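Chemist: Let me give you the structure first, and then I'll get to my questions.
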Amino acid sequence: MEFMSKIFSLAIAAILVKNFVLMRFLGLCPYIGVSKKLDSALGMGMAVIFVMTMASTFTWLIQSYLLIPLQIEFLQTIAFILTIASLVQLVEMIIQKTAPALYKALGVYLPLITTNCAVLGVALLNINEKLNFIEAILNGFFAGLGFTLVLILMAGIREKLDKAEMPKAMKGLPIAMIIAGCMALAFQGFAGLKF
Amino acid sequence: MKYYIRLGFVLLVIAVISSGILAYVNSITKPIIDENKRREKEEARKEVLPQATSFDSLTFLNGETAYIALDRDKIVGYTFVASLYGYSSEVKTMVGLDTLFHITRIKIIEQQETPGLGANCSKSEFQEQFSGKDKTEMQVDKDGGSIASITGATITTRTIASSIRSGMEIMEKKIAETDLQTGEENER
Amino acid sequence: MSMIKEFSKGLIKENPVFIMALGLCPTLAVTTSVQNAIGMGIAATFVLVCSNVIISLIKNFIPTKIRIPSYIVVIASFVTIVDLVMHAYFPMLHKNLGLFIPLIVVNCIILGRAEAFAGKNNVIKSLADGVGMGFGFTLALIVIGGIREIIGAGQFLGYNVLPLSYKPVLAAILSPGAFLVMGLLMGLMKLLKK
């Protein structure tokens with residue numbers, strides 16, 4: 001029972017209270033860059049959830065069984081980013097071979113994920129917050145879910161926005177940032193939600 | 001095939017060179033970082049119990065050493081580090097206690113709370129209100145204690161108060177066990 | 001002459017933050033105060049300049065296939081150096097910037113410049129490009145940090161600049177303020193460009 005409530009509070013924190021994009025400012029580039037169309041946002045979101053979960057798993061193992069025993073924690077940044085880069089490459093190859101349809105949907109987003117700071121961010125946060133193995137994996141998954149949630153919300157708004165009238169200078173990126181600000185304001189309302 | 005071996009080799013060379021450079025930089029900076037951490041804690045201890053001239057280690061608490069503060073051989077109090085996860089980070093507080101287990105002063109030594117809200121716990125106005133209080137008062141005023149909450153950061157305040165309270169309980173138990181006979185020391 | 005051109009383009013015309021919308025995460029996350037903004041700007045500029053120089057030096061030895069991983073290793077090494085040195089000599093700043101120091105690795109400006117510029121140009125030009133882009137980034141951080149600190153705390157670099165009767169608008173320091181200030185500034189830049 002205690003385990004369930006722990007999982008639940010992890011989920012609430014990662015998805016709403018400390019949403020990676022709006023509260024922690026992680027993964028903003030794809031959030032702004034890939035939110036013009038709803039279906040591409042969905043594709044990107046799925047790819048990110050997958051990679052974040054995998055990355056949390058592997059970086060946790062590397063930190064606990066390689067970096068700490070060998071006392072080379074100063075190589076953490078290099079080790080993590082290389083893990084993520086090779087993971088993304090591997091995922092790309094596997095999907096391409098086994099599920100061509102999925103590859104068509106996700107393929108273009110996969111290389112972009114290496115430089116998505118939300119992925120490296122969740123890997124580092126798992127270590128900083130001293131999560132255990134299971135918690136780290138779940139945290140990666142929930143963080144990806146939180147990312148996907150706001151990405152899809154944003155894409156939905158921006159599709160409608162194309163038809164809206166506004167000062168020319170505000171079109172495109174500027175108005176997207178303003179909308180992100182409004183969403184952040186709304187998400188601020190979750191502050192203090194704890195189980 | 002030969003081509004791929006070359007690829008791997010080039011990457012390996014780059015990785016080895018950079019690890020070597022980093023190991024060298026690390027060997028220079030690590031002692032400084034450790035020394036900074038040690039000195040920072042030492043200064044925090046002196047700040048919460050300024051009358052102490054030396055500190056004797058007592059026990060381990062929250063991964064940090066708790067100390068008995070001495071003025072020559074006389075026990076003047078105790079220090080420990082209270083630590084709990086607040087709103088967005090681990091909040092660590094250096095706490096000074098006098099021999100009657102009243103707080104002398106506290107000092108927030110580590111926090112990454114929200115700037116403008118929870119981060120205000122590092123302000124001295126907030127920290128000063130802890131002085132002179134005992135563990136029964138270590139609760140936010142909303143919950144019936146006597147700690148005034150930081151505006152918009154009840155969670156941070158609650159974390160600090162309860163981390164200090166539980167630390168004080170452990171310290172009291174530990175000190176009773178170790179039989180320091182504070183009364184006798186004071187009479188001398 | 002061309003060096004000055006490579007340097008100055010990063011400041012306004014191709015400003016990495018306002019015009020190209022790169023490196024948004026650290027831009028918004030650390031600009032709660034001017035001090036943090038300057039610290040992050042200098043750290044990122046150092047990494048950008050060093051990696052630009054090294055990459056333009058070794059570009060001919062690196063097969064195209066493993067270009068990106070090699071660049072990442074070079075960048076990550078410099079980031080780790082900054083991380084360690086800052087931790088040792090500027091512990092307060094290191095605490096304030098926290099997670100966003102290792103995250104300089106995935107700052108799209110740095111890999112972006114490596115790929116788009118340093119991998120194709122000579123050392124001198126890459127150096128100028130790195131310095132210019134770094135300055136442009138720092139400039140943007142200071143502008144955003146300044147606006148947020150003044151509105152959100154009534155201070156600039158920790159000194160009170162507004163009368164004490166001014167009631168700080170906390171939202172400017174919290175995350176919504178970051179997005180709103182950024183959006184309005186981007187709009188302003190677009191307006192001025194025309």
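Just remember, in the structure tokens the first chain shown is A, the second B, etc., residues are 1-based per chain, and ligands are 1-based in the order shown.
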Set the distance at 12 Å and use only C-alpha atoms: which residues neighbour Ser70 in chain C once local chain neighbours fewer than 3 positions away are removed? I'd like the list as an NGL selection string.
Modeler: (:A and (78 or 81-82 or 85)) or (:B and (7-18)) or (:C and (51 or 54-55 or 58-59 or 61-67 or 73-77 or 111 or 114-115 or 119))
Chemist: Please find the residues of chain A near chain B - the criterion being any atom within 12 Å, counting only C-alpha atoms - and write them as a short mmCIF file (atom, residue, chain, number, x, y, z; two decimals) with N, CA and C atoms, in the first residue's frame.
Modeler:
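result38.cif, freshly written:
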```cif
data_model
loop_
_atom_site.label_atom_id
_atom_site.label_comp_id
_atom_site.auth_asym_id
_atom_site.auth_seq_id
_atom_site.Cartn_x
_atom_site.Cartn_y
_atom_site.Cartn_z
N ALA A 13 3.74 14.40 -8.96
CA ALA A 13 4.82 15.38 -8.98
C ALA A 13 5.38 15.54 -10.38
N ALA A 14 5.69 14.43 -11.05
CA ALA A 14 6.36 14.51 -12.34
C ALA A 14 5.43 15.05 -13.44
N VAL A 17 2.72 18.77 -10.72
CA VAL A 17 3.29 19.78 -9.81
C VAL A 17 4.63 20.29 -10.30
N LYS A 18 5.50 19.35 -10.70
CA LYS A 18 6.81 19.80 -11.18
C LYS A 18 6.97 19.40 -12.63
N ASN A 19 5.95 19.72 -13.40
CA ASN A 19 5.98 19.37 -14.82
C ASN A 19 7.30 19.78 -15.45
N MET A 23 7.45 23.77 -15.36
CA MET A 23 7.97 24.16 -14.05
C MET A 23 9.49 24.03 -13.96
N ARG A 24 10.03 23.03 -14.64
CA ARG A 24 11.47 22.81 -14.54
C ARG A 24 12.22 23.36 -15.75
N GLN A 71 34.70 5.02 -8.57
CA GLN A 71 34.96 6.39 -8.11
C GLN A 71 35.29 7.34 -9.26
N ILE A 72 34.55 7.22 -10.33
CA ILE A 72 34.77 8.15 -11.44
C ILE A 72 33.48 8.92 -11.71
N GLU A 73 32.87 9.43 -10.62
CA GLU A 73 31.62 10.17 -10.77
C GLU A 73 31.79 11.42 -11.63
N PHE A 74 33.04 11.91 -11.74
CA PHE A 74 33.22 13.12 -12.55
C PHE A 74 32.99 12.86 -14.04
N LEU A 75 32.95 11.58 -14.42
CA LEU A 75 32.64 11.28 -15.83
C LEU A 75 31.14 11.13 -16.07
N GLN A 76 30.35 11.47 -15.05
CA GLN A 76 28.90 11.28 -15.13
C GLN A 76 28.28 11.90 -16.37
N THR A 77 28.59 13.17 -16.61
CA THR A 77 27.96 13.87 -17.73
C THR A 77 28.26 13.17 -19.05
N ILE A 78 29.54 12.84 -19.28
CA ILE A 78 29.91 12.17 -20.53
C ILE A 78 29.24 10.81 -20.63
N ALA A 79 29.30 10.04 -19.54
CA ALA A 79 28.74 8.70 -19.57
C ALA A 79 27.25 8.74 -19.87
N LEU A 82 26.43 9.91 -23.55
CA LEU A 82 26.77 8.86 -24.52
C LEU A 82 25.76 7.72 -24.44
N LEU A 125 18.41 14.04 -12.45
CA LEU A 125 17.52 14.26 -11.31
C LEU A 125 17.32 12.97 -10.52
N ASN A 128 20.34 12.80 -8.37
CA ASN A 128 20.37 13.88 -7.37
C ASN A 128 19.35 13.66 -6.26
N GLU A 129 18.17 13.15 -6.63
CA GLU A 129 17.11 12.99 -5.64
C GLU A 129 17.16 11.63 -4.98
N LYS A 130 18.22 10.89 -5.23
CA LYS A 130 18.49 9.60 -4.59
C LYS A 130 17.32 8.63 -4.71
N GLN A 188 0.77 26.40 -12.15
CA GLN A 188 1.18 26.89 -10.84
C GLN A 188 0.12 26.54 -9.80
N GLY A 189 -1.11 26.40 -10.26
CA GLY A 189 -2.21 26.06 -9.36
C GLY A 189 -2.06 24.69 -8.72
N ALA A 191 0.63 23.69 -7.43
CA ALA A 191 1.67 23.79 -6.41
C ALA A 191 1.12 23.35 -5.06
N GLY A 192 1.89 22.56 -4.38
CA GLY A 192 1.48 22.15 -3.04
C GLY A 192 0.66 20.88 -3.03
N LEU A 193 0.24 20.42 -4.21
CA LEU A 193 -0.50 19.17 -4.29
C LEU A 193 0.43 18.03 -3.90
N LYS A 194 0.10 17.32 -2.85
CA LYS A 194 1.02 16.28 -2.39
C LYS A 194 0.23 15.14 -1.78
#
```
Chemist: Work out how far apart CA of Tyr31 in chain A and CA of Val49 in chain C are and give it in Å to one decimal.
Modeler: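 So the answer is 27.3 Å.
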Chemist: Tell me which protein, DNA and RNA residues are within 8 Å of range 119-128 of chain B, counting only C-alpha atoms, leaving out same-chain ones fewer than 5 positions away, and put them as an MDAnalysis selection string.
Modeler: chainID B and resid 105:108 111:114 150 156:157
Chemist: For N, CA and C atoms, I'd like the residues from the last selection saved as a PDB file, in the first residue's frame.
Modeler:
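Done, and the output landed in again.pdb:
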```
ATOM      1  N   ARG B 105      20.483  29.013  17.573  1.00  0.00           N
ATOM      2  CA  ARG B 105      20.242  29.620  16.255  1.00  0.00           C
ATOM      3  C   ARG B 105      20.168  28.509  15.224  1.00  0.00           C
ATOM      4  N   ILE B 106      19.600  28.847  14.065  1.00  0.00           N
ATOM      5  CA  ILE B 106      19.667  27.897  12.966  1.00  0.00           C
ATOM      6  C   ILE B 106      20.272  28.605  11.758  1.00  0.00           C
ATOM      7  N   LYS B 107      20.806  27.807  10.833  1.00  0.00           N
ATOM      8  CA  LYS B 107      21.301  28.368   9.578  1.00  0.00           C
ATOM      9  C   LYS B 107      21.007  27.386   8.452  1.00  0.00           C
ATOM     10  N   ILE B 108      20.278  27.865   7.443  1.00  0.00           N
ATOM     11  CA  ILE B 108      19.991  27.017   6.281  1.00  0.00           C
ATOM     12  C   ILE B 108      21.293  26.888   5.484  1.00  0.00           C
ATOM     13  N   GLN B 111      19.708  24.585   0.078  1.00  0.00           N
ATOM     14  CA  GLN B 111      18.324  24.544  -0.401  1.00  0.00           C
ATOM     15  C   GLN B 111      18.283  24.970  -1.862  1.00  0.00           C
ATOM     16  N   GLN B 112      17.328  24.436  -2.581  1.00  0.00           N
ATOM     17  CA  GLN B 112      17.130  24.788  -3.996  1.00  0.00           C
ATOM     18  C   GLN B 112      15.643  25.050  -4.202  1.00  0.00           C
ATOM     19  N   GLU B 113      15.008  25.691  -3.224  1.00  0.00           N
ATOM     20  CA  GLU B 113      13.569  25.893  -3.317  1.00  0.00           C
ATOM     21  C   GLU B 113      13.254  26.988  -4.340  1.00  0.00           C
ATOM     22  N   THR B 114      11.959  27.184  -4.608  1.00  0.00           N
ATOM     23  CA  THR B 114      11.553  28.143  -5.626  1.00  0.00           C
ATOM     24  C   THR B 114      12.054  29.549  -5.301  1.00  0.00           C
ATOM     25  N   ILE B 150       6.594  31.064   5.731  1.00  0.00           N
ATOM     26  CA  ILE B 150       7.004  31.961   4.657  1.00  0.00           C
ATOM     27  C   ILE B 150       5.818  32.111   3.713  1.00  0.00           C
ATOM     28  N   THR B 156       7.765  24.396   2.387  1.00  0.00           N
ATOM     29  CA  THR B 156       9.168  24.578   2.777  1.00  0.00           C
ATOM     30  C   THR B 156       9.278  24.804   4.277  1.00  0.00           C
ATOM     31  N   THR B 157       8.426  25.690   4.814  1.00  0.00           N
ATOM     32  CA  THR B 157       8.472  25.991   6.239  1.00  0.00           C
ATOM     33  C   THR B 157       8.206  24.736   7.059  1.00  0.00           C
TER      34      THR B 157
END
```
Chemist: Up to 6 Å from chain C, what residues of chain B turn up? Count only C-alpha atoms and give them as a list in words.
Modeler: Thr29, Ile32 and Ile33 of chain B
Chemist: Write to file, as a compact mmCIF listing (two decimals), in the first residue's frame, the residues of the selection just made, with C-alpha atoms.
Modeler:
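See part03.txt below for the written result:
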```
# COMPACT_ATOMS: atom_id res chain seq x y z
CA THR B 29 39.47 20.43 -7.86
CA ILE B 32 39.28 22.11 -2.91
CA ILE B 33 35.63 21.08 -3.16
```
Chemist: I need the alpha helix (DSSP H) residues of range 57-188 of chain C per DSSP on the backbone, written as an NGL selection string.
Modeler: :C and (57-58 or 67-89 or 91-97 or 108-113 or 123-153 or 175-188)
Chemist: Under the rule that only C-alpha atoms are counted, which of C:Asn107, C:Gln155, C:Ser8, C:Asn36 is the nearest residue to chain A?
Modeler: C:Asn107
Chemist: Which chain A residues have any atom within 6 Å of an atom of chain C, and for each, what is the nearest pair of atoms with distance in Å to one decimal, counting only C-alpha atoms, rows sorted by chain and number, as a tab-separated table?
Modeler:
```
residue	atom	partner	partner_atom	distance
A:Met23	CA	C:Ser175	CA	6.0
A:Phe25	CA	C:Cys25	CA	5.2
A:Leu26	CA	C:Cys25	CA	5.7
A:Leu28	CA	C:Cys25	CA	5.6
A:Ile78	CA	C:Ala76	CA	5.3
A:Thr115	CA	C:Val106	CA	4.9
A:Cys117	CA	C:Val106	CA	5.6
A:Ala169	CA	C:Gly187	CA	5.2
A:Met170	CA	C:Gly187	CA	4.9
A:Pro174	CA	C:Gly183	CA	4.2
A:Met177	CA	C:Gly183	CA	4.6
A:Ile178	CA	C:Leu180	CA	4.9
A:Gly181	CA	C:Pro176	CA	4.4
A:Ala184	CA	C:Pro176	CA	4.9
A:Leu185	CA	C:Pro176	CA	5.2
```
Chemist: Export, as a JSON list (two decimals), in the first residue's frame, the selected residues with C-alpha atoms.
Modeler:
```json
[["chain", "number", "residue", "atom", "x", "y", "z"],
["A", 23, "MET", "CA", 7.97, 24.16, -14.05],
["A", 25, "PHE", "CA", 12.12, 24.34, -17.98],
["A", 26, "LEU", "CA", 13.38, 21.07, -19.44],
["A", 28, "LEU", "CA", 11.64, 23.47, -24.23],
["A", 78, "ILE", "CA", 29.91, 12.17, -20.53],
["A", 115, "THR", "CA", 19.63, 16.87, -27.47],
["A", 117, "CYS", "CA", 17.50, 18.23, -22.22],
["A", 169, "ALA", "CA", 5.27, 40.57, -34.85],
["A", 170, "MET", "CA", 3.68, 38.24, -32.30],
["A", 174, "PRO", "CA", 6.41, 34.91, -29.55],
["A", 177, "MET", "CA", 5.86, 31.58, -25.54],
["A", 178, "ILE", "CA", 2.99, 33.71, -24.23],
["A", 181, "GLY", "CA", 3.33, 31.36, -19.92],
["A", 184, "ALA", "CA", 2.58, 27.68, -16.63],
["A", 185, "LEU", "CA", 0.33, 30.05, -14.71]]
```
Chemist: Between CA of Val161 in chain C and CA of Leu11 in chain C, measure the distance and give it in Å to one decimal.
Modeler: 26.8 Å
